[in-house]
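Working notes, structure below.
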Amino acid sequence: MEGIFAINKPSGMTSRLCLDKVNRILSQAECFKPTLKALAEKRNAGRKSRRNRRSNKLKMGHGGTLDPLASGVLILGVGSGTKRLGGLTNHSTKIYEAEALLGGETTTGDSDGELSLITENDFITKELLESTAQKFIGTVTQTPPIFSALKMNGIPLYEYARKNIPLPRKIKSREVQIHSLDLCDDCLTKDHKYPFLQSKLCDDGTTLVTLLQNNKPLQEHVVSFSKEYLERAERDSSLSTEAVSLKKANDLQQYNTEGYKAPLLHFIATVSSGTYIRSLITDLGRALGSSAYMVSLIRRRQDDWLLDQNTFELSDFENYEEDVWGPVLKRVFEEGPKVNIREAMAEAIANRKIKKVEEPLGKEVVDNEEITPSDNITVVPRTSKKE
C-alpha cells in the first residue's frame, strides 16, 4: 500500500491540512498496518526514542501546493510514492479554471487580501480581453507573489508577509509556460455571486485604497508579455509591447457601495509547473489598463490526474470505512491514473449500501433502514481504530 493518488482539495483548506486529514485516516486503517510497521522499523533503527513517537504516522507528501482559496487536484504520495512527487511538482502540465473581478487589486492577489488599488473597468470589451490574453501565451517571466508557499532561507514567503518581516533578498523571477488561455463566454458579466471587496477603513477615517493607490513604489508593476508575442511584435510594428496606462478610479464611492458587482474575468489556462495564476491575473488586469484579483481557482488537471474522474473526494475517506475506499486505493496504487475513481467508488458504495452514522439526534439511518435509539438499540458513532 504505497504509491501516489489524487484528491480534490476543498476550498478554504490549506494543502497541508488536507494532507494531514488523509494521513490521520490512512494511518489508522488496517490495510496500512504492514506499511506502517515497515516504516516504523526503518524509523526506529538506531534512532532515539524521541523519534520513535512518530512511527504511528505514515510517510506522506503532496505534489504541488494549492492556495487555501483554491480547490481541485492535489496529488498525494504514500511511502515510496513520495519519491515520485518531485517530478510532478516541477515538471507537470496543469489546467486551471479561474475567476477574477476586474477593477481592483488586493494585497494577496485574491479575495483573501485587502483592496490596495481600484481602477476603471467599464471600458473593457471582450475584444480587448481576447487580444490582451493572447499576449501572454508562450514563455512568460513571472515573479512569484509574496503570499506564496515558495521558500526563502527555508521560510515560506507568506510567513515573511504575515509577520511583516523584510525579505532577505529580492524574489527571483522565473520562466513559465502558458500553453493556452481560453476566455469563457460569461466574461464581463455582472450576474455572478462575487461581491466586490470593500476598502478597509484606517484609524483616521481614510480608506486603505486611498493611501496605497497613490503610493508610487507600491503601485509600480512591470507586466511581462510572452517571448513569442514580443518576437511577433518585432516583425509587426502595429503590435504594442507596452501595457496600457493604468486608469485609476477617481470616484471610489461607487465601488464601495453595497451590492456593487464588478465585471467578471473567467478563463481556463493550461500552464507549466511553477505558474502562479494570481500573478497571471494581476498581469492581465494591468495589461488592460485596469486591475484584477482572483475570487475562485480550480485545478482541474495535473499531469494525468483529472478532477471528477480519477481523483478521490475528502469525503470518501471521512464518510466511509476502509472496506469501501481501501480496495479502490489499492487499485490506484497498482494501476495508476487509468482507474476511474469516481466510478469505482460509486460501485463500492452501492455494493456495500453503507452510510456514515453520526451521533444519535433522533432517527438515524443504518444500512438504508431507519431506527430510533431506544433502551435496546445503541447507535455508535464512527471511531478510529486507536480509540
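We label chains A, B, ... in the order they appear in the C-alpha cells, count residues from 1 in each chain, and number ligands from 1 in the order shown.
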Each residue of range 240-305 of chain A with at least one atom at most 12 Å from range 204-208 of chain A should appear once, together with its nearest atom pair and the corresponding distance in Å (one decimal); atoms considered: only C-alpha atoms; ordering: chain, then increasing residue number; output as JSON lines.
{"residue": "A:Leu252", "atom": "CA", "partner": "A:Thr207", "partner_atom": "CA", "distance": 9.9}
{"residue": "A:Gln253", "atom": "CA", "partner": "A:Thr207", "partner_atom": "CA", "distance": 10.9}
{"residue": "A:Asn256", "atom": "CA", "partner": "A:Thr207", "partner_atom": "CA", "distance": 10.3}
Just asking: which residues within range 40-259 of chain A are alpha helix (DSSP H) according to DSSP, as a compact mmCIF listing (two decimals) with N, CA and C atoms, in the first residue's frame?
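Output contents, as saved in result.txt:
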# COMPACT_ATOMS: atom_id res chain seq x y z
N ALA A 40 7.87 2.07 10.59
CA ALA A 40 8.29 2.20 11.99
C ALA A 40 9.64 1.54 12.23
N GLU A 41 9.83 0.35 11.64
CA GLU A 41 11.10 -0.36 11.80
C GLU A 41 12.25 0.44 11.20
N LYS A 42 11.98 1.06 10.07
CA LYS A 42 13.02 1.85 9.42
C LYS A 42 13.34 3.10 10.23
N ARG A 43 12.30 3.74 10.75
CA ARG A 43 12.50 4.96 11.53
C ARG A 43 13.19 4.68 12.86
N ASN A 44 12.85 3.55 13.46
CA ASN A 44 13.34 3.26 14.80
C ASN A 44 14.74 2.65 14.82
N SER A 49 14.51 7.49 21.17
CA SER A 49 13.09 7.31 21.48
C SER A 49 12.26 8.52 21.10
N ARG A 50 12.84 9.71 21.11
CA ARG A 50 12.09 10.91 20.74
C ARG A 50 11.58 10.79 19.31
N ARG A 51 12.35 10.18 18.47
CA ARG A 51 11.99 9.99 17.08
C ARG A 51 10.97 8.87 16.92
N ASN A 52 11.00 7.91 17.83
CA ASN A 52 10.12 6.75 17.70
C ASN A 52 8.65 7.10 17.81
N LEU A 85 6.99 12.50 -6.20
CA LEU A 85 6.28 13.78 -6.17
C LEU A 85 7.10 14.92 -6.74
N GLY A 86 8.42 14.84 -6.64
CA GLY A 86 9.26 15.92 -7.14
C GLY A 86 9.05 16.19 -8.62
N GLY A 87 8.98 15.13 -9.41
CA GLY A 87 8.75 15.29 -10.84
C GLY A 87 7.41 15.91 -11.15
N LEU A 88 6.39 15.53 -10.35
CA LEU A 88 5.06 16.09 -10.57
C LEU A 88 4.99 17.55 -10.15
N THR A 89 5.75 17.91 -9.12
CA THR A 89 5.75 19.29 -8.65
C THR A 89 6.43 20.21 -9.65
N ASN A 90 7.51 19.75 -10.25
CA ASN A 90 8.35 20.63 -11.07
C ASN A 90 8.23 20.42 -12.58
N LYS A 126 -14.87 42.56 -24.71
CA LYS A 126 -14.41 41.18 -24.93
C LYS A 126 -13.31 41.15 -25.98
N GLU A 127 -13.39 42.04 -26.96
CA GLU A 127 -12.34 42.10 -27.98
C GLU A 127 -11.00 42.50 -27.37
N LEU A 128 -11.05 43.49 -26.46
CA LEU A 128 -9.83 43.92 -25.78
C LEU A 128 -9.29 42.80 -24.90
N LEU A 129 -10.19 42.10 -24.20
CA LEU A 129 -9.78 40.98 -23.37
C LEU A 129 -9.09 39.90 -24.19
N GLU A 130 -9.70 39.56 -25.32
CA GLU A 130 -9.17 38.49 -26.16
C GLU A 130 -7.80 38.85 -26.71
N SER A 131 -7.65 40.05 -27.23
CA SER A 131 -6.37 40.44 -27.81
C SER A 131 -5.28 40.55 -26.75
N THR A 132 -5.65 40.99 -25.53
CA THR A 132 -4.66 41.12 -24.46
C THR A 132 -4.24 39.75 -23.94
N ALA A 133 -5.19 38.83 -23.81
CA ALA A 133 -4.87 37.49 -23.32
C ALA A 133 -3.87 36.79 -24.23
N LEU A 157 7.39 32.30 1.81
CA LEU A 157 7.27 33.74 1.62
C LEU A 157 6.09 34.32 2.38
N TYR A 158 4.98 33.54 2.45
CA TYR A 158 3.81 34.09 3.13
C TYR A 158 4.06 34.34 4.62
N GLU A 159 5.03 33.64 5.21
CA GLU A 159 5.37 33.89 6.62
C GLU A 159 6.04 35.25 6.78
N TYR A 160 6.91 35.61 5.83
CA TYR A 160 7.51 36.95 5.86
C TYR A 160 6.43 38.02 5.77
N ALA A 161 5.47 37.77 4.85
CA ALA A 161 4.41 38.76 4.63
C ALA A 161 3.50 38.89 5.85
N ARG A 162 3.09 37.76 6.41
CA ARG A 162 2.15 37.79 7.54
C ARG A 162 2.77 38.43 8.78
N LEU A 208 -7.86 52.36 3.04
CA LEU A 208 -6.55 51.82 2.70
C LEU A 208 -6.23 52.04 1.23
N VAL A 209 -7.25 51.93 0.39
CA VAL A 209 -7.04 52.15 -1.05
C VAL A 209 -6.54 53.56 -1.31
N THR A 210 -7.14 54.56 -0.64
CA THR A 210 -6.73 55.95 -0.83
C THR A 210 -5.26 56.13 -0.48
N LEU A 211 -4.82 55.47 0.58
CA LEU A 211 -3.43 55.58 1.00
C LEU A 211 -2.48 54.86 0.04
N LEU A 212 -2.88 53.67 -0.40
CA LEU A 212 -1.97 52.83 -1.16
C LEU A 212 -1.91 53.16 -2.65
N LYS A 216 3.53 55.49 -5.12
CA LYS A 216 4.13 55.08 -6.38
C LYS A 216 4.95 53.80 -6.28
N PRO A 217 5.86 53.67 -5.26
CA PRO A 217 6.65 52.42 -5.17
C PRO A 217 5.79 51.18 -5.03
N LEU A 218 4.68 51.29 -4.29
CA LEU A 218 3.81 50.12 -4.10
C LEU A 218 3.04 49.77 -5.37
N GLN A 219 2.74 50.78 -6.19
CA GLN A 219 1.91 50.54 -7.36
C GLN A 219 2.71 50.28 -8.63
N LYS A 227 7.61 35.76 -24.66
CA LYS A 227 8.70 35.92 -25.63
C LYS A 227 8.19 35.80 -27.05
N GLU A 228 7.25 34.88 -27.24
CA GLU A 228 6.72 34.65 -28.59
C GLU A 228 5.97 35.88 -29.10
N TYR A 229 5.20 36.52 -28.20
CA TYR A 229 4.48 37.73 -28.62
C TYR A 229 5.46 38.86 -28.92
N LEU A 230 6.49 39.02 -28.09
CA LEU A 230 7.47 40.08 -28.32
C LEU A 230 8.22 39.86 -29.62
N GLU A 231 8.47 38.61 -29.98
CA GLU A 231 9.11 38.31 -31.26
C GLU A 231 8.21 38.68 -32.43
N ARG A 232 6.90 38.44 -32.28
CA ARG A 232 5.96 38.84 -33.35
C ARG A 232 5.90 40.35 -33.46
N ALA A 233 5.96 41.03 -32.30
CA ALA A 233 5.90 42.49 -32.30
C ALA A 233 7.11 43.11 -33.00
N GLU A 234 8.26 42.44 -32.93
CA GLU A 234 9.45 42.94 -33.63
C GLU A 234 9.24 42.92 -35.14
N ARG A 235 8.48 41.95 -35.61
CA ARG A 235 8.21 41.84 -37.05
C ARG A 235 7.01 42.66 -37.48
Per DSSP on the backbone, what are the strand (DSSP E) residues of range 61-309 of chain A, as a PyMOL selection string?
chain A and resi 61-62+71-78+93-102+104-106+115-118+138-142+151-152+155-156+174-183+264-272+292-302+305-306
Range 21-28 of chain A environment, 12 Å, only C-alpha atoms, sequence neighbours closer than 4 positions dropped, as an mmCIF file with N, CA and C atoms, in the first residue's frame:
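This is the output file part_13.cif:
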data_model
loop_
_atom_site.group_PDB
_atom_site.id
_atom_site.type_symbol
_atom_site.label_atom_id
_atom_site.label_comp_id
_atom_site.auth_asym_id
_atom_site.auth_seq_id
_atom_site.Cartn_x
_atom_site.Cartn_y
_atom_site.Cartn_z
ATOM 1 N N MET A 1 0.838 -1.197 0.000
ATOM 2 C CA MET A 1 0.000 0.000 0.000
ATOM 3 C C MET A 1 0.875 1.249 0.000
ATOM 4 N N GLU A 2 1.623 1.425 -1.085
ATOM 5 C CA GLU A 2 2.450 2.615 -1.273
ATOM 6 C C GLU A 2 2.293 3.092 -2.706
ATOM 7 N N PHE A 5 -1.716 9.033 -5.395
ATOM 8 C CA PHE A 5 -3.106 9.168 -5.802
ATOM 9 C C PHE A 5 -3.469 10.639 -5.717
ATOM 10 N N ALA A 6 -4.632 11.000 -6.225
ATOM 11 C CA ALA A 6 -5.052 12.396 -6.245
ATOM 12 C C ALA A 6 -6.346 12.569 -5.465
ATOM 13 N N ILE A 7 -6.469 13.732 -4.853
ATOM 14 C CA ILE A 7 -7.660 14.063 -4.079
ATOM 15 C C ILE A 7 -8.115 15.468 -4.461
ATOM 16 N N ASN A 8 -9.401 15.720 -4.368
ATOM 17 C CA ASN A 8 -9.958 17.042 -4.620
ATOM 18 C C ASN A 8 -9.872 17.846 -3.334
ATOM 19 N N LYS A 9 -8.894 18.757 -3.249
ATOM 20 C CA LYS A 9 -8.752 19.578 -2.045
ATOM 21 C C LYS A 9 -9.878 20.595 -2.002
ATOM 22 N N PRO A 10 -10.609 20.669 -0.886
ATOM 23 C CA PRO A 10 -11.694 21.649 -0.792
ATOM 24 C C PRO A 10 -11.160 23.077 -0.685
ATOM 25 N N MET A 13 -9.235 25.350 2.684
ATOM 26 C CA MET A 13 -8.357 24.470 3.447
ATOM 27 C C MET A 13 -6.951 24.515 2.850
ATOM 28 N N THR A 14 -5.943 24.574 3.701
ATOM 29 C CA THR A 14 -4.576 24.537 3.187
ATOM 30 C C THR A 14 -4.256 23.135 2.671
ATOM 31 N N SER A 15 -3.289 23.060 1.793
ATOM 32 C CA SER A 15 -2.866 21.760 1.264
ATOM 33 C C SER A 15 -2.325 20.881 2.386
ATOM 34 N N ARG A 16 -1.637 21.500 3.332
ATOM 35 C CA ARG A 16 -1.060 20.745 4.447
ATOM 36 C C ARG A 16 -2.152 20.145 5.322
ATOM 37 N N LEU A 17 -3.194 20.927 5.586
ATOM 38 C CA LEU A 17 -4.284 20.422 6.414
ATOM 39 C C LEU A 17 -5.001 19.276 5.721
ATOM 40 N N PHE A 32 -3.203 -0.471 6.022
ATOM 41 C CA PHE A 32 -1.910 0.204 6.013
ATOM 42 C C PHE A 32 -1.002 -0.261 7.147
ATOM 43 N N LYS A 33 -1.455 -1.229 7.933
ATOM 44 C CA LYS A 33 -0.636 -1.691 9.055
ATOM 45 C C LYS A 33 0.717 -2.238 8.619
ATOM 46 N N PRO A 34 0.788 -3.078 7.559
ATOM 47 C CA PRO A 34 2.106 -3.562 7.114
ATOM 48 C C PRO A 34 3.022 -2.417 6.671
ATOM 49 N N THR A 35 2.449 -1.436 5.961
ATOM 50 C CA THR A 35 3.233 -0.284 5.523
ATOM 51 C C THR A 35 3.739 0.506 6.723
ATOM 52 N N LEU A 36 2.856 0.704 7.681
ATOM 53 C CA LEU A 36 3.209 1.463 8.865
ATOM 54 C C LEU A 36 4.261 0.730 9.709
ATOM 55 N N LYS A 37 4.133 -0.606 9.788
ATOM 56 C CA LYS A 37 5.097 -1.408 10.539
ATOM 57 C C LYS A 37 6.487 -1.322 9.916
ATOM 58 N N LEU A 39 7.597 1.051 8.023
ATOM 59 C CA LEU A 39 8.087 2.407 8.192
ATOM 60 C C LEU A 39 8.605 2.621 9.619
ATOM 61 N N ALA A 40 7.874 2.067 10.594
ATOM 62 C CA ALA A 40 8.290 2.203 11.992
ATOM 63 C C ALA A 40 9.643 1.535 12.232
ATOM 64 N N ARG A 54 6.980 9.129 16.296
ATOM 65 C CA ARG A 54 6.378 9.447 15.002
ATOM 66 C C ARG A 54 6.042 8.197 14.189
ATOM 67 N N SER A 55 6.331 7.028 14.705
ATOM 68 C CA SER A 55 6.177 5.814 13.911
ATOM 69 C C SER A 55 4.729 5.376 13.751
ATOM 70 N N ASN A 56 3.773 6.080 14.368
ATOM 71 C CA ASN A 56 2.372 5.730 14.196
ATOM 72 C C ASN A 56 1.719 6.541 13.091
ATOM 73 N N LYS A 57 2.542 7.192 12.294
ATOM 74 C CA LYS A 57 2.034 8.046 11.227
ATOM 75 C C LYS A 57 2.728 7.704 9.915
ATOM 76 N N LEU A 58 1.955 7.573 8.840
ATOM 77 C CA LEU A 58 2.509 7.237 7.532
ATOM 78 C C LEU A 58 3.393 8.360 6.996
ATOM 79 N N LYS A 59 4.342 7.980 6.191
ATOM 80 C CA LYS A 59 5.148 8.959 5.478
ATOM 81 C C LYS A 59 4.348 9.408 4.260
ATOM 82 N N MET A 60 3.991 10.699 4.212
ATOM 83 C CA MET A 60 3.188 11.214 3.111
ATOM 84 C C MET A 60 3.665 12.604 2.702
ATOM 85 N N GLY A 61 3.359 12.990 1.495
ATOM 86 C CA GLY A 61 3.667 14.322 0.990
ATOM 87 C C GLY A 61 2.711 14.657 -0.135
ATOM 88 N N HIS A 62 2.770 15.904 -0.612
ATOM 89 C CA HIS A 62 1.916 16.287 -1.740
ATOM 90 C C HIS A 62 2.751 16.878 -2.870
ATOM 91 N N LEU A 74 -5.054 17.621 -5.987
ATOM 92 C CA LEU A 74 -3.860 17.647 -5.145
ATOM 93 C C LEU A 74 -3.329 16.223 -5.103
ATOM 94 N N ILE A 75 -2.132 16.016 -5.635
ATOM 95 C CA ILE A 75 -1.552 14.672 -5.703
ATOM 96 C C ILE A 75 -0.830 14.366 -4.400
ATOM 97 N N LEU A 76 -1.164 13.209 -3.821
ATOM 98 C CA LEU A 76 -0.576 12.784 -2.561
ATOM 99 C C LEU A 76 0.267 11.534 -2.778
ATOM 100 N N GLY A 77 1.372 11.437 -2.051
ATOM 101 C CA GLY A 77 2.222 10.262 -2.103
ATOM 102 C C GLY A 77 2.291 9.586 -0.754
ATOM 103 N N VAL A 78 2.313 8.250 -0.759
ATOM 104 C CA VAL A 78 2.422 7.465 0.469
ATOM 105 C C VAL A 78 3.672 6.595 0.384
ATOM 106 N N GLY A 79 4.483 6.593 1.449
ATOM 107 C CA GLY A 79 5.670 5.739 1.479
ATOM 108 C C GLY A 79 6.617 6.050 0.336
ATOM 109 N N PHE A 312 -9.967 11.191 -5.724
ATOM 110 C CA PHE A 312 -10.822 10.946 -4.569
ATOM 111 C C PHE A 312 -11.392 12.267 -4.069
ATOM 112 N N GLU A 313 -12.505 12.186 -3.362
ATOM 113 C CA GLU A 313 -13.011 13.299 -2.573
ATOM 114 C C GLU A 313 -12.578 13.078 -1.130
ATOM 115 N N LEU A 314 -12.365 14.157 -0.397
ATOM 116 C CA LEU A 314 -12.021 14.029 1.014
ATOM 117 C C LEU A 314 -13.116 13.273 1.764
ATOM 118 N N SER A 315 -14.358 13.473 1.345
ATOM 119 C CA SER A 315 -15.484 12.794 1.994
ATOM 120 C C SER A 315 -15.461 11.286 1.779
ATOM 121 N N ASP A 316 -14.778 10.805 0.741
ATOM 122 C CA ASP A 316 -14.656 9.355 0.536
ATOM 123 C C ASP A 316 -13.984 8.704 1.742
ATOM 124 N N PHE A 317 -12.982 9.372 2.286
ATOM 125 C CA PHE A 317 -12.242 8.832 3.427
ATOM 126 C C PHE A 317 -12.927 9.170 4.755
ATOM 127 N N GLU A 318 -13.560 10.316 4.810
ATOM 128 C CA GLU A 318 -14.190 10.740 6.058
ATOM 129 C C GLU A 318 -15.517 10.023 6.318
ATOM 130 N N ASN A 319 -16.273 9.712 5.259
ATOM 131 C CA ASN A 319 -17.630 9.185 5.422
ATOM 132 C C ASN A 319 -17.730 7.666 5.359
ATOM 133 N N TYR A 320 -16.694 7.008 4.845
ATOM 134 C CA TYR A 320 -16.777 5.566 4.648
ATOM 135 C C TYR A 320 -15.586 4.855 5.271
ATOM 136 N N GLU A 321 -15.824 3.630 5.662
ATOM 137 C CA GLU A 321 -14.771 2.812 6.244
ATOM 138 C C GLU A 321 -13.847 2.281 5.153
ATOM 139 N N GLU A 322 -12.736 1.733 5.567
ATOM 140 C CA GLU A 322 -11.713 1.325 4.603
ATOM 141 C C GLU A 322 -12.127 0.169 3.720
ATOM 142 N N TRP A 325 -13.230 2.343 0.542
ATOM 143 C CA TRP A 325 -12.204 3.042 -0.229
ATOM 144 C C TRP A 325 -10.888 2.267 -0.345
ATOM 145 N N GLY A 326 -10.642 1.320 0.572
ATOM 146 C CA GLY A 326 -9.371 0.594 0.566
ATOM 147 C C GLY A 326 -9.072 -0.140 -0.731
ATOM 148 N N LEU A 329 -8.318 2.361 -3.532
ATOM 149 C CA LEU A 329 -6.990 2.965 -3.392
ATOM 150 C C LEU A 329 -5.902 1.978 -3.769
ATOM 151 N N ARG A 382 -18.920 6.587 14.270
ATOM 152 C CA ARG A 382 -17.692 6.052 13.697
ATOM 153 C C ARG A 382 -16.510 6.533 14.528
ATOM 154 N N THR A 383 -15.669 5.601 14.970
ATOM 155 C CA THR A 383 -14.480 5.957 15.750
ATOM 156 C C THR A 383 -13.265 5.363 15.093
ATOM 157 N N SER A 384 -12.116 5.877 15.492
ATOM 158 C CA SER A 384 -10.880 5.367 14.933
ATOM 159 C C SER A 384 -10.515 4.051 15.579
ATOM 160 N N LYS A 385 -9.619 3.310 14.922
ATOM 161 C CA LYS A 385 -9.135 2.036 15.469
ATOM 162 C C LYS A 385 -8.413 2.267 16.783
ATOM 163 N N LYS A 386 -7.708 3.409 16.865
ATOM 164 C CA LYS A 386 -6.955 3.721 18.067
ATOM 165 C C LYS A 386 -7.891 3.899 19.244
ATOM 166 N N GLU A 387 -9.022 4.614 18.992
ATOM 167 C CA GLU A 387 -9.991 4.823 20.058
ATOM 168 C C GLU A 387 -10.701 3.537 20.430
#
Neighbouring residues of Gln198 in chain A were defined as those with any atom within 8 Å, considering only C-alpha atoms; residues of the same chain fewer than 2 positions away were excluded. Please report them as a list in words.
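Near neighbours after the sequence-gap exclusion: Leu115, Phe196, Lys200, Tyr255 and Asn256 of chain A.
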For the selection you just gave me, I'd like the residues written to a file as a CSV table (one decimal), in the first residue's frame, keeping C-alpha atoms.
chain,number,residue,atom,x,y,z
A,115,LEU,CA,-8.0,46.1,-1.5
A,196,PHE,CA,-16.6,43.5,-4.7
A,200,LYS,CA,-10.6,48.8,4.7
A,255,TYR,CA,-17.1,50.7,-5.8
A,256,ASN,CA,-17.7,50.9,-2.0
6 Å contact set for Thr93 in chain A, only C-alpha atoms, chain neighbours under 4 positions out, as number ranges by chain:
A: 271-272, 302-303
Okay, now the selection with C-alpha atoms, as an mmCIF file, in the first residue's frame?
data_model
loop_
_atom_site.group_PDB
_atom_site.id
_atom_site.type_symbol
_atom_site.label_atom_id
_atom_site.label_comp_id
_atom_site.auth_asym_id
_atom_site.auth_seq_id
_atom_site.Cartn_x
_atom_site.Cartn_y
_atom_site.Cartn_z
ATOM 1 C CA VAL A 271 0.231 26.037 -17.849
ATOM 2 C CA SER A 272 3.538 24.565 -16.733
ATOM 3 C CA GLN A 302 -2.278 17.853 -13.072
ATOM 4 C CA ASP A 303 -0.344 15.507 -15.274
#
Shell around Gly104 in chain A at 9 Å using only C-alpha atoms, local window under 3 positions removed, as a PDB file with N, CA and C atoms, in the first residue's frame:
ATOM      1  N   LEU A 101     -12.283  39.334 -10.498  1.00  0.00           N
ATOM      2  CA  LEU A 101     -13.068  40.554 -10.668  1.00  0.00           C
ATOM      3  C   LEU A 101     -12.166  41.647 -11.208  1.00  0.00           C
ATOM      4  N   LEU A 115      -8.124  45.330  -0.297  1.00  0.00           N
ATOM      5  CA  LEU A 115      -8.028  46.140  -1.505  1.00  0.00           C
ATOM      6  C   LEU A 115      -6.874  47.125  -1.394  1.00  0.00           C
ATOM      7  N   SER A 116      -6.040  47.179  -2.427  1.00  0.00           N
ATOM      8  CA  SER A 116      -4.918  48.107  -2.438  1.00  0.00           C
ATOM      9  C   SER A 116      -4.973  49.056  -3.632  1.00  0.00           C
ATOM     10  N   LEU A 117      -5.881  48.784  -4.570  1.00  0.00           N
ATOM     11  CA  LEU A 117      -5.984  49.602  -5.778  1.00  0.00           C
ATOM     12  C   LEU A 117      -7.369  49.417  -6.382  1.00  0.00           C
ATOM     13  N   ILE A 118      -7.956  50.510  -6.853  1.00  0.00           N
ATOM     14  CA  ILE A 118      -9.227  50.456  -7.583  1.00  0.00           C
ATOM     15  C   ILE A 118      -9.035  51.202  -8.899  1.00  0.00           C
ATOM     16  N   THR A 119      -9.448  50.575  -9.991  1.00  0.00           N
ATOM     17  CA  THR A 119      -9.292  51.165 -11.322  1.00  0.00           C
ATOM     18  C   THR A 119     -10.617  51.128 -12.069  1.00  0.00           C
ATOM     19  N   GLU A 120     -10.686  51.907 -13.134  1.00  0.00           N
ATOM     20  CA  GLU A 120     -11.857  51.874 -14.009  1.00  0.00           C
ATOM     21  C   GLU A 120     -11.932  50.499 -14.689  1.00  0.00           C
ATOM     22  N   ASN A 121     -13.147  50.056 -14.974  1.00  0.00           N
ATOM     23  CA  ASN A 121     -13.309  48.765 -15.649  1.00  0.00           C
ATOM     24  C   ASN A 121     -14.399  48.763 -16.708  1.00  0.00           C
ATOM     25  N   PHE A 196     -17.914  42.784  -4.673  1.00  0.00           N
ATOM     26  CA  PHE A 196     -16.637  43.485  -4.748  1.00  0.00           C
ATOM     27  C   PHE A 196     -16.181  43.802  -3.327  1.00  0.00           C
ATOM     28  N   LEU A 197     -14.904  43.570  -3.049  1.00  0.00           N
ATOM     29  CA  LEU A 197     -14.381  43.826  -1.702  1.00  0.00           C
ATOM     30  C   LEU A 197     -14.543  45.290  -1.318  1.00  0.00           C
ATOM     31  N   ALA A 262     -18.596  43.924  -9.930  1.00  0.00           N
ATOM     32  CA  ALA A 262     -17.599  44.248 -10.943  1.00  0.00           C
ATOM     33  C   ALA A 262     -17.668  43.238 -12.084  1.00  0.00           C
ATOM     34  N   GLY A 285      -4.832  42.004 -15.780  1.00  0.00           N
ATOM     35  CA  GLY A 285      -5.580  43.214 -15.430  1.00  0.00           C
ATOM     36  C   GLY A 285      -4.792  44.471 -15.717  1.00  0.00           C
ATOM     37  N   SER A 290      -6.295  48.268 -16.421  1.00  0.00           N
ATOM     38  CA  SER A 290      -7.158  48.177 -15.249  1.00  0.00           C
ATOM     39  C   SER A 290      -6.446  47.354 -14.192  1.00  0.00           C
ATOM     40  N   SER A 291      -7.178  46.519 -13.485  1.00  0.00           N
ATOM     41  CA  SER A 291      -6.610  45.647 -12.454  1.00  0.00           C
ATOM     42  C   SER A 291      -7.561  44.486 -12.235  1.00  0.00           C
ATOM     43  N   ALA A 292      -7.128  43.478 -11.491  1.00  0.00           N
ATOM     44  CA  ALA A 292      -7.971  42.306 -11.249  1.00  0.00           C
ATOM     45  C   ALA A 292      -7.456  41.538 -10.050  1.00  0.00           C
ATOM     46  N   TYR A 293      -8.369  40.886  -9.353  1.00  0.00           N
ATOM     47  CA  TYR A 293      -7.973  39.985  -8.265  1.00  0.00           C
ATOM     48  C   TYR A 293      -8.799  38.710  -8.335  1.00  0.00           C
TER      49      TYR A 293
END
What lies within 7 Å of range 332-340 of chain A using only C-alpha atoms, ignoring chain neighbours under 2 positions off, as a list in words?
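The contact residues come out as Met1, Glu2, Gly3, Ile4, Phe5, Asp304, Trp305, Gln309, Asn310, Val328, Leu329, Lys330, Arg342, Glu343 and Ala344 of chain A.
CA of Lys163 in chain A is positioned 23.2 Å from CA of His221 in chain A.
Counting only C-alpha atoms and comparing A:Val223, A:Ala38, A:Leu307, A:Leu188, the residue that lies closest to Lys135 in chain A is A:Val223.
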